[in-house]
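Colleague: Contents of my_file.txt (compact mmCIF, C-alpha atoms) are below:
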# COMPACT_ATOMS: atom_id res chain seq x y z
CA MET X 24 69.86 169.09 -42.17
CA ALA X 25 72.21 166.86 -44.14
CA SER X 26 70.87 163.79 -42.37
CA ILE X 27 67.32 164.73 -43.39
CA HIS X 28 68.41 164.97 -47.03
CA LYS X 29 70.17 161.61 -46.75
CA GLN X 30 67.07 160.05 -45.26
CA HIS X 31 64.96 161.58 -48.03
CA TYR X 32 67.21 160.14 -50.75
CA PHE X 33 67.30 156.76 -49.03
CA LEU X 34 63.48 156.63 -48.88
CA LEU X 35 63.27 157.70 -52.51
CA PHE X 36 65.75 154.97 -53.50
CA LEU X 37 63.81 152.41 -51.46
CA PHE X 38 60.55 153.44 -53.11
CA MET X 39 62.07 153.18 -56.58
CA PHE X 40 63.60 149.77 -55.76
CA GLN X 41 60.27 148.47 -54.46
CA ALA X 42 58.46 149.81 -57.54
CA ILE X 43 60.91 148.00 -59.81
CA ALA X 44 60.61 144.80 -57.76
CA VAL X 45 56.80 144.93 -57.86
CA SER X 46 56.76 145.41 -61.63
CA ALA X 47 59.23 142.59 -62.34
CA THR X 48 57.79 139.63 -64.24
CA GLN X 49 58.94 136.14 -63.29
CA PHE X 50 59.46 133.50 -65.95
CA THR X 51 59.72 129.84 -64.95
CA LEU X 52 61.22 127.66 -67.68
CA GLN X 53 60.66 123.93 -67.29
CA ASN X 54 61.79 121.00 -69.39
CA ASN X 55 59.17 118.30 -69.85
CA CYS X 56 61.08 116.65 -72.69
CA GLY X 57 62.85 113.33 -72.35
CA TYR X 58 66.13 114.98 -73.38
CA THR X 59 68.14 118.07 -72.50
CA VAL X 60 67.02 121.37 -73.99
CA TRP X 61 69.30 124.42 -74.09
CA PRO X 62 67.00 127.48 -73.82
CA GLY X 63 68.12 130.70 -75.44
CA THR X 64 66.91 134.21 -74.61
CA LEU X 65 66.99 137.40 -76.66
CA SER X 66 66.07 140.89 -75.44
CA GLY X 67 64.63 142.98 -78.22
CA ASN X 68 64.53 146.54 -76.87
CA GLY X 69 67.74 147.06 -74.92
CA VAL X 70 66.17 146.06 -71.59
CA ALA X 71 67.95 143.06 -70.12
CA ILE X 72 66.45 139.96 -68.56
CA SER X 73 68.06 138.36 -65.51
CA GLY X 74 70.30 135.31 -65.82
CA ASP X 75 72.38 133.96 -68.66
CA SER X 76 71.27 134.23 -72.29
CA GLY X 77 71.74 130.49 -72.78
CA PHE X 78 72.02 127.44 -70.54
CA ALA X 79 71.28 123.71 -70.29
CA LEU X 80 67.98 122.44 -68.89
CA THR X 81 67.98 118.71 -68.19
CA PRO X 82 64.76 116.62 -68.25
CA GLY X 83 62.50 117.66 -65.37
CA ALA X 84 64.59 120.71 -64.47
CA THR X 85 63.30 124.26 -64.00
CA ILE X 86 64.92 127.69 -63.84
CA GLN X 87 63.55 131.13 -63.00
CA LEU X 88 64.36 134.37 -64.77
CA SER X 89 62.92 137.84 -64.23
CA ALA X 90 62.37 140.85 -66.45
CA PRO X 91 61.56 144.45 -65.54
CA GLY X 92 58.50 146.28 -66.79
CA GLY X 93 58.75 147.26 -70.43
CA TRP X 94 60.90 144.28 -71.42
CA SER X 95 60.35 142.61 -74.77
CA GLY X 96 62.08 139.56 -76.17
CA ARG X 97 61.85 135.87 -76.90
CA PHE X 98 62.69 132.42 -75.59
CA TRP X 99 63.38 129.28 -77.58
CA GLY X 100 64.74 125.79 -77.09
CA ARG X 101 67.90 124.43 -78.71
CA THR X 102 68.41 120.71 -79.23
CA GLY X 103 71.32 118.42 -79.95
CA CYS X 104 73.88 120.82 -78.48
CA ASN X 105 77.53 120.12 -77.76
CA PHE X 106 79.59 122.71 -75.86
CA ASP X 107 83.04 122.60 -74.30
CA ASP X 108 83.93 124.01 -70.87
CA SER X 109 84.29 127.51 -72.32
CA GLY X 110 80.80 127.44 -73.85
CA THR X 111 82.08 127.06 -77.40
CA GLY X 112 80.11 124.73 -79.62
CA LYS X 113 76.89 124.50 -81.55
CA CYS X 114 73.41 123.00 -81.61
CA ILE X 115 71.66 120.94 -84.27
CA THR X 116 68.53 123.12 -83.99
CA GLY X 117 68.01 126.66 -82.70
CA ASP X 118 71.74 127.43 -82.64
CA CYS X 119 72.82 130.95 -81.62
CA GLY X 120 76.61 130.58 -81.87
CA ALA X 121 77.58 129.66 -78.30
CA LEU X 122 76.21 128.30 -75.03
CA LYS X 123 75.45 131.87 -73.92
CA CYS X 124 73.84 133.50 -76.93
CA PRO X 125 75.80 136.62 -77.95
CA SER X 126 73.99 139.94 -77.66
CA GLY X 127 71.50 140.29 -80.49
CA ALA X 128 71.76 136.65 -81.57
CA GLY X 129 68.55 134.69 -82.00
CA GLY X 130 67.97 131.03 -82.78
CA VAL X 131 68.69 129.88 -86.33
CA PRO X 132 65.43 128.71 -87.98
CA PRO X 133 63.63 126.43 -87.98
CA VAL X 134 62.86 127.14 -84.34
CA SER X 135 59.76 127.39 -82.13
CA LEU X 136 59.54 130.73 -80.29
CA VAL X 137 57.80 132.30 -77.30
CA GLU X 138 57.59 136.08 -77.72
CA PHE X 139 56.75 138.68 -75.06
CA THR X 140 56.18 142.39 -74.68
CA ILE X 141 55.75 143.10 -70.98
CA GLY X 142 53.74 146.11 -69.79
CA LYS X 143 55.66 148.89 -68.08
CA SER X 144 53.53 148.44 -64.95
CA LYS X 145 51.45 145.62 -63.49
CA ASP X 146 48.31 147.44 -64.66
CA GLU X 147 49.38 147.48 -68.29
CA LYS X 148 48.78 144.51 -70.57
CA ASP X 149 51.47 142.01 -71.45
CA PHE X 150 51.39 140.65 -75.01
CA TYR X 151 52.70 137.16 -75.72
CA ASP X 152 52.51 134.39 -78.28
CA VAL X 153 54.02 131.12 -79.43
CA SER X 154 55.25 131.45 -83.00
CA LEU X 155 55.91 128.82 -85.65
CA VAL X 156 56.51 131.47 -88.31
CA ASP X 157 60.22 130.55 -88.22
CA GLY X 158 59.41 126.84 -88.28
CA TYR X 159 59.32 124.23 -85.51
CA ASN X 160 61.96 122.30 -83.62
CA VAL X 161 60.48 121.47 -80.20
CA GLY X 162 57.08 121.70 -78.55
CA ILE X 163 56.67 124.80 -76.38
CA GLY X 164 53.87 126.41 -74.38
CA VAL X 165 53.31 129.41 -72.11
CA ARG X 166 50.83 129.70 -69.26
CA SER X 167 50.15 132.79 -67.15
CA THR X 168 49.85 132.68 -63.36
CA GLY X 169 48.42 135.29 -61.00
CA GLY X 170 47.34 137.71 -63.71
CA SER X 171 44.07 139.35 -64.71
CA GLY X 172 42.34 139.64 -68.07
CA ASP X 173 42.09 137.07 -70.85
CA CYS X 174 45.40 135.36 -69.96
CA GLN X 175 45.01 132.62 -72.57
CA TYR X 176 47.25 129.59 -72.91
CA ALA X 177 49.50 129.68 -75.98
CA GLY X 178 51.48 126.75 -77.24
CA CYS X 179 52.16 123.80 -79.44
CA ILE X 180 51.63 120.40 -77.83
CA ALA X 181 51.73 118.37 -81.04
CA ASP X 182 55.11 117.08 -82.24
CA LEU X 183 55.21 118.57 -85.73
CA ASN X 184 58.40 116.69 -86.55
CA LEU X 185 56.38 113.47 -86.70
CA ASN X 186 54.13 114.73 -89.52
CA CYS X 187 56.39 117.28 -91.21
CA PRO X 188 56.07 117.19 -95.04
CA LYS X 189 59.14 115.72 -96.66
CA GLU X 190 60.02 118.97 -98.43
CA LEU X 191 60.16 120.84 -95.07
CA GLN X 192 62.06 118.25 -93.05
CA VAL X 193 65.42 118.89 -91.39
CA ILE X 194 67.11 115.53 -90.88
CA ASP X 195 70.04 114.63 -88.65
CA SER X 196 71.36 111.09 -88.25
CA GLY X 197 68.30 109.74 -90.06
CA ALA X 198 65.75 111.46 -87.80
CA VAL X 199 63.55 114.51 -88.42
CA VAL X 200 64.77 117.08 -85.88
CA ALA X 201 62.94 120.18 -87.16
CA CYS X 202 60.30 121.31 -89.63
CA LYS X 203 61.00 124.36 -91.80
CA SER X 204 58.49 127.07 -92.55
CA ALA X 205 57.29 127.25 -96.16
CA CYS X 206 58.87 130.72 -96.38
CA ALA X 207 62.29 129.37 -95.42
CA GLN X 208 62.02 126.51 -97.87
CA PHE X 209 60.53 128.23 -100.92
CA ASN X 210 61.28 131.95 -100.28
CA THR X 211 58.37 133.23 -102.35
CA PRO X 212 56.12 136.26 -101.60
CA GLU X 213 52.98 134.21 -101.00
CA TYR X 214 54.70 132.12 -98.34
CA CYS X 215 56.78 134.95 -96.82
CA CYS X 216 54.08 137.68 -96.91
CA THR X 217 56.36 140.01 -98.86
CA GLY X 218 56.05 142.07 -102.04
CA GLU X 219 52.48 142.13 -103.31
CA HIS X 220 51.54 139.75 -100.48
CA ALA X 221 52.82 142.08 -97.71
CA THR X 222 49.46 142.93 -96.11
CA PRO X 223 46.90 140.92 -94.14
CA ALA X 224 44.48 141.27 -97.05
CA THR X 225 46.89 139.82 -99.61
CA CYS X 226 48.72 137.21 -97.52
CA SER X 227 46.40 134.31 -96.80
CA PRO X 228 46.99 130.99 -95.04
CA THR X 229 48.61 128.32 -97.20
CA LEU X 230 48.35 124.54 -97.10
CA TYR X 231 51.55 124.49 -95.04
CA SER X 232 50.49 127.15 -92.53
CA LYS X 233 47.09 125.45 -92.20
CA MET X 234 48.89 122.22 -91.34
CA PHE X 235 50.76 124.04 -88.54
CA LYS X 236 47.53 125.72 -87.39
CA ASP X 237 45.53 122.49 -87.32
CA ALA X 238 48.22 120.85 -85.20
CA CYS X 239 48.77 123.86 -82.92
CA PRO X 240 45.63 126.08 -82.91
CA THR X 241 46.96 128.58 -80.33
CA ALA X 242 50.28 129.25 -82.07
CA TYR X 243 51.16 131.67 -84.86
CA SER X 244 51.25 129.73 -88.13
CA TYR X 245 52.17 132.56 -90.52
CA ALA X 246 52.96 136.28 -90.35
CA TYR X 247 49.37 137.62 -90.22
CA ASP X 248 47.88 135.00 -87.92
CA ASP X 249 47.24 137.64 -85.21
CA ALA X 250 43.54 137.19 -84.48
CA SER X 251 43.77 133.76 -82.86
CA SER X 252 47.39 133.80 -81.72
CA THR X 253 48.21 136.99 -79.79
CA CYS X 254 47.46 136.69 -76.07
CA THR X 255 47.18 139.37 -73.38
CA CYS X 256 47.33 139.41 -69.59
CA SER X 257 48.07 141.99 -66.88
CA GLY X 258 50.24 141.61 -63.78
CA ALA X 259 51.11 137.96 -64.44
CA ASP X 260 54.09 135.68 -64.12
CA TYR X 261 54.60 133.00 -66.77
CA ILE X 262 55.48 129.32 -66.98
CA ILE X 263 57.21 128.30 -70.22
CA THR X 264 57.24 124.55 -70.81
CA PHE X 265 59.26 122.63 -73.37
CA CYS X 266 57.38 119.54 -74.63
CA PRO X 267 54.08 120.41 -72.90
CA THR X 268 51.52 117.62 -72.73
CA THR X 269 48.37 119.52 -71.70
CA LEU X 270 46.81 122.91 -72.43
Before anything else, please render the file you have as structure tokens.

Modeller:
Amino acid sequence: MASIHKQHYFLLFLFMFQAIAVSATQFTLQNNCGYTVWPGTLSGNGVAISGDSGFALTPGATIQLSAPGGWSGRFWGRTGCNFDDSGTGKCITGDCGALKCPSGAGGVPPVSLVEFTIGKSKDEKDFYDVSLVDGYNVGIGVRSTGGSGDCQYAGCIADLNLNCPKELQVIDSGAVVACKSACAQFNTPEYCCTGEHATPATCSPTLYSKMFKDACPTAYSYAYDDASSTCTCSGADYIITFCPTTL
């Protein structure tokens, strides 16, 4: 009788393990830039993603991470980083305080983001976007594979650092390395969608957000840019590319 119970529990465990495995979403991060990028990851709902929360990705390199159903969080690229053997150091853009980003630490703006909310099962929709609401530091794009539904491409192929307005520029060693958001630079309600501008009806695109949108039509340009920037897909894996060159 005991052996039957043991077998029952083993089969139940195996079923649960297979269910978790089936619902896991695979992320492939690839570096198409001509320089090293140090991706950072942040889990937003207490559900962890596999792998380290920060690492180096040399030109042409790829790495795979996985997340269980129900995971939400973000990815971003850090540039100009310098870390010692213990992982202590900092980055010129997108810094999170260490090589492996501490729990709860995101990238310091201005930084380009990929944001996800993964469905709890393969039948539920995933929601994802590329956001420039916190500014821009490196081109980034996300493409779904093997999914069903709309599954649109989201990303920013244009190098916004090349045409960043002078008042938004972040300069290091004479070069523009990032482009601030208007909210970060001016901190006013109309740019930050706060106060009397805290609703979609009262917070409209600005000249600065329109500049971001014209350059990167499939990326969030300001807080209420949902209609053309939130993507959905079901049962997909995702390829996240730094410095993408094609849609």

Colleague: Separation of CA of Tyr243 in chain X and CA of Ala84 in chain X, in Å?

Modeller: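 Answer for the CA of Tyr243 in chain X to CA of Ala84 in chain X separation: 26.8 Å.
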
Colleague: By how many Å are CA of Gln87 in chain X and CA of Ala201 in chain X apart?

Modeller: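 Atom-to-atom, CA of Gln87 in chain X and CA of Ala201 in chain X are spaced 26.5 Å apart.
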
Colleague: Please write as a PDB file with C-alpha atoms, keeping the file's coordinate frame the list of polymer residues whose atoms come within 9 Å of (59.9, 118.5, -86.8), counting all atoms listed in the file and keeping to the coordinates of the file.

Modeller:
ATOM      1  CA  PRO X 133      63.630 126.430 -87.980  1.00  0.00           C
ATOM      2  CA  GLY X 158      59.410 126.840 -88.280  1.00  0.00           C
ATOM      3  CA  TYR X 159      59.320 124.230 -85.510  1.00  0.00           C
ATOM      4  CA  ASN X 160      61.960 122.300 -83.620  1.00  0.00           C
ATOM      5  CA  VAL X 161      60.480 121.470 -80.200  1.00  0.00           C
ATOM      6  CA  ASP X 182      55.110 117.080 -82.240  1.00  0.00           C
ATOM      7  CA  LEU X 183      55.210 118.570 -85.730  1.00  0.00           C
ATOM      8  CA  ASN X 184      58.400 116.690 -86.550  1.00  0.00           C
ATOM      9  CA  LEU X 185      56.380 113.470 -86.700  1.00  0.00           C
ATOM     10  CA  ASN X 186      54.130 114.730 -89.520  1.00  0.00           C
ATOM     11  CA  CYS X 187      56.390 117.280 -91.210  1.00  0.00           C
ATOM     12  CA  LEU X 191      60.160 120.840 -95.070  1.00  0.00           C
ATOM     13  CA  GLN X 192      62.060 118.250 -93.050  1.00  0.00           C
ATOM     14  CA  VAL X 193      65.420 118.890 -91.390  1.00  0.00           C
ATOM     15  CA  ILE X 194      67.110 115.530 -90.880  1.00  0.00           C
ATOM     16  CA  VAL X 199      63.550 114.510 -88.420  1.00  0.00           C
ATOM     17  CA  VAL X 200      64.770 117.080 -85.880  1.00  0.00           C
ATOM     18  CA  ALA X 201      62.940 120.180 -87.160  1.00  0.00           C
ATOM     19  CA  CYS X 202      60.300 121.310 -89.630  1.00  0.00           C
ATOM     20  CA  LYS X 203      61.000 124.360 -91.800  1.00  0.00           C
TER      21      LYS X 203
END

Colleague: So, counting only C-alpha atoms, which residue among X:Gln53, X:Tyr245, X:Cys114, X:Lys145 is closest to Pro223 in chain X?

Modeller: X:Tyr245

Colleague: So, with all atoms listed in the file as the atoms that count, which of X:Glu138, X:Asp108, X:Asp173, X:Asp195 lies closest to Leu155 in chain X?

Modeller: X:Glu138

Colleague: Quick one, how far is CA of Cys179 in chain X from CA of Ile141 in chain X?

Modeller: 21.4 Å

Colleague: Please check which residues have atoms at most 8 Å from (46.7, 145.1, -68.8) in the file's coordinates, counting only C-alpha atoms, and write them as a count of residues only.

Modeller: 12

Colleague: With distances taken over only C-alpha atoms, which residue among X:Gly164, X:Gly218, X:Pro188, X:Gly96 lies nearest Pro267 in chain X?

Modeller: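 With only C-alpha atoms as the atom set, the closest residue is X:Gly164.
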
Colleague: Ranking X:Arg97, X:Val156, X:Lys189, X:Ala181 by minimum distance to Cys216 in chain X and counting all atoms listed in the file, which one comes first?

Modeller: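 When distances to Cys216 in chain X are compared using all atoms listed in the file, the smallest one comes from X:Val156.
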
Colleague: Nearest to Phe78 in chain X among X:Cys56, X:Leu230, X:Ile115, X:Cys124, with distances taken over only C-alpha atoms: which residue is it?

Modeller: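 Comparing X:Cys56, X:Leu230, X:Ile115, X:Cys124 against Phe78 in chain X, the winner is X:Cys124.
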
Colleague: My list of candidates is X:Ser244, X:Gln175, X:Asn54, X:Thr48. Which is closest to Leu136 in chain X when distances are computed with only C-alpha atoms?

Modeller: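 With only C-alpha atoms as the atom set, the closest residue is X:Ser244.
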
Colleague: Excluding Thr168 in chain X and its own-chain neighbours fewer than 6 positions away, which residues fall within 7 Å of it when counting all atoms listed in the file? Please give them as a PyMOL selection string.

Modeller: chain X and resi 259-261

Colleague: Missing atoms in range 66-86 of chain X need filling: write out N, CA and C atoms for it as a PDB file, in the frame of the given file.

Modeller:
ATOM      1  N   SER X  66      66.773 139.649 -75.783  1.00  0.00           N
ATOM      2  CA  SER X  66      66.070 140.890 -75.440  1.00  0.00           C
ATOM      3  C   SER X  66      66.007 141.762 -76.688  1.00  0.00           C
ATOM      4  N   GLY X  67      64.811 142.293 -76.964  1.00  0.00           N
ATOM      5  CA  GLY X  67      64.630 142.980 -78.220  1.00  0.00           C
ATOM      6  C   GLY X  67      64.614 144.491 -78.157  1.00  0.00           C
ATOM      7  N   ASN X  68      64.659 145.086 -76.956  1.00  0.00           N
ATOM      8  CA  ASN X  68      64.530 146.540 -76.870  1.00  0.00           C
ATOM      9  C   ASN X  68      65.572 147.174 -75.954  1.00  0.00           C
ATOM     10  N   GLY X  69      66.680 146.497 -75.737  1.00  0.00           N
ATOM     11  CA  GLY X  69      67.740 147.060 -74.920  1.00  0.00           C
ATOM     12  C   GLY X  69      67.542 146.911 -73.425  1.00  0.00           C
ATOM     13  N   VAL X  70      66.428 146.311 -73.007  1.00  0.00           N
ATOM     14  CA  VAL X  70      66.170 146.060 -71.590  1.00  0.00           C
ATOM     15  C   VAL X  70      66.515 144.617 -71.297  1.00  0.00           C
ATOM     16  N   ALA X  71      67.414 144.395 -70.355  1.00  0.00           N
ATOM     17  CA  ALA X  71      67.950 143.060 -70.120  1.00  0.00           C
ATOM     18  C   ALA X  71      67.048 142.225 -69.225  1.00  0.00           C
ATOM     19  N   ILE X  72      67.095 140.912 -69.436  1.00  0.00           N
ATOM     20  CA  ILE X  72      66.450 139.960 -68.560  1.00  0.00           C
ATOM     21  C   ILE X  72      67.503 139.384 -67.627  1.00  0.00           C
ATOM     22  N   SER X  73      67.093 138.912 -66.446  1.00  0.00           N
ATOM     23  CA  SER X  73      68.060 138.360 -65.510  1.00  0.00           C
ATOM     24  C   SER X  73      68.596 137.022 -66.006  1.00  0.00           C
ATOM     25  N   GLY X  74      69.756 136.621 -65.500  1.00  0.00           N
ATOM     26  CA  GLY X  74      70.300 135.310 -65.820  1.00  0.00           C
ATOM     27  C   GLY X  74      71.075 135.301 -67.112  1.00  0.00           C
ATOM     28  N   ASP X  75      71.603 134.128 -67.436  1.00  0.00           N
ATOM     29  CA  ASP X  75      72.380 133.960 -68.660  1.00  0.00           C
ATOM     30  C   ASP X  75      71.459 133.947 -69.884  1.00  0.00           C
ATOM     31  N   SER X  76      72.030 134.232 -71.041  1.00  0.00           N
ATOM     32  CA  SER X  76      71.270 134.230 -72.290  1.00  0.00           C
ATOM     33  C   SER X  76      71.212 132.858 -72.936  1.00  0.00           C
ATOM     34  N   GLY X  77      71.797 131.857 -72.290  1.00  0.00           N
ATOM     35  CA  GLY X  77      71.740 130.490 -72.780  1.00  0.00           C
ATOM     36  C   GLY X  77      72.266 129.540 -71.731  1.00  0.00           C
ATOM     37  N   PHE X  78      71.641 128.380 -71.594  1.00  0.00           N
ATOM     38  CA  PHE X  78      72.020 127.440 -70.540  1.00  0.00           C
ATOM     39  C   PHE X  78      71.393 126.086 -70.847  1.00  0.00           C
ATOM     40  N   ALA X  79      71.825 125.059 -70.125  1.00  0.00           N
ATOM     41  CA  ALA X  79      71.280 123.710 -70.290  1.00  0.00           C
ATOM     42  C   ALA X  79      70.146 123.487 -69.298  1.00  0.00           C
ATOM     43  N   LEU X  80      69.108 122.794 -69.743  1.00  0.00           N
ATOM     44  CA  LEU X  80      67.980 122.440 -68.890  1.00  0.00           C
ATOM     45  C   LEU X  80      67.717 120.954 -69.083  1.00  0.00           C
ATOM     46  N   THR X  81      68.113 120.161 -68.100  1.00  0.00           N
ATOM     47  CA  THR X  81      67.980 118.710 -68.190  1.00  0.00           C
ATOM     48  C   THR X  81      66.520 118.293 -68.021  1.00  0.00           C
ATOM     49  N   PRO X  82      66.151 117.069 -68.396  1.00  0.00           N
ATOM     50  CA  PRO X  82      64.760 116.620 -68.250  1.00  0.00           C
ATOM     51  C   PRO X  82      64.253 116.800 -66.818  1.00  0.00           C
ATOM     52  N   GLY X  83      63.102 117.436 -66.675  1.00  0.00           N
ATOM     53  CA  GLY X  83      62.500 117.660 -65.370  1.00  0.00           C
ATOM     54  C   GLY X  83      62.991 118.890 -64.639  1.00  0.00           C
ATOM     55  N   ALA X  84      64.005 119.557 -65.154  1.00  0.00           N
ATOM     56  CA  ALA X  84      64.590 120.710 -64.470  1.00  0.00           C
ATOM     57  C   ALA X  84      63.795 121.977 -64.742  1.00  0.00           C
ATOM     58  N   THR X  85      63.916 122.948 -63.831  1.00  0.00           N
ATOM     59  CA  THR X  85      63.300 124.260 -64.000  1.00  0.00           C
ATOM     60  C   THR X  85      64.327 125.334 -63.659  1.00  0.00           C
ATOM     61  N   ILE X  86      64.089 126.537 -64.167  1.00  0.00           N
ATOM     62  CA  ILE X  86      64.920 127.690 -63.840  1.00  0.00           C
ATOM     63  C   ILE X  86      64.028 128.919 -63.882  1.00  0.00           C
TER      64      ILE X  86
END
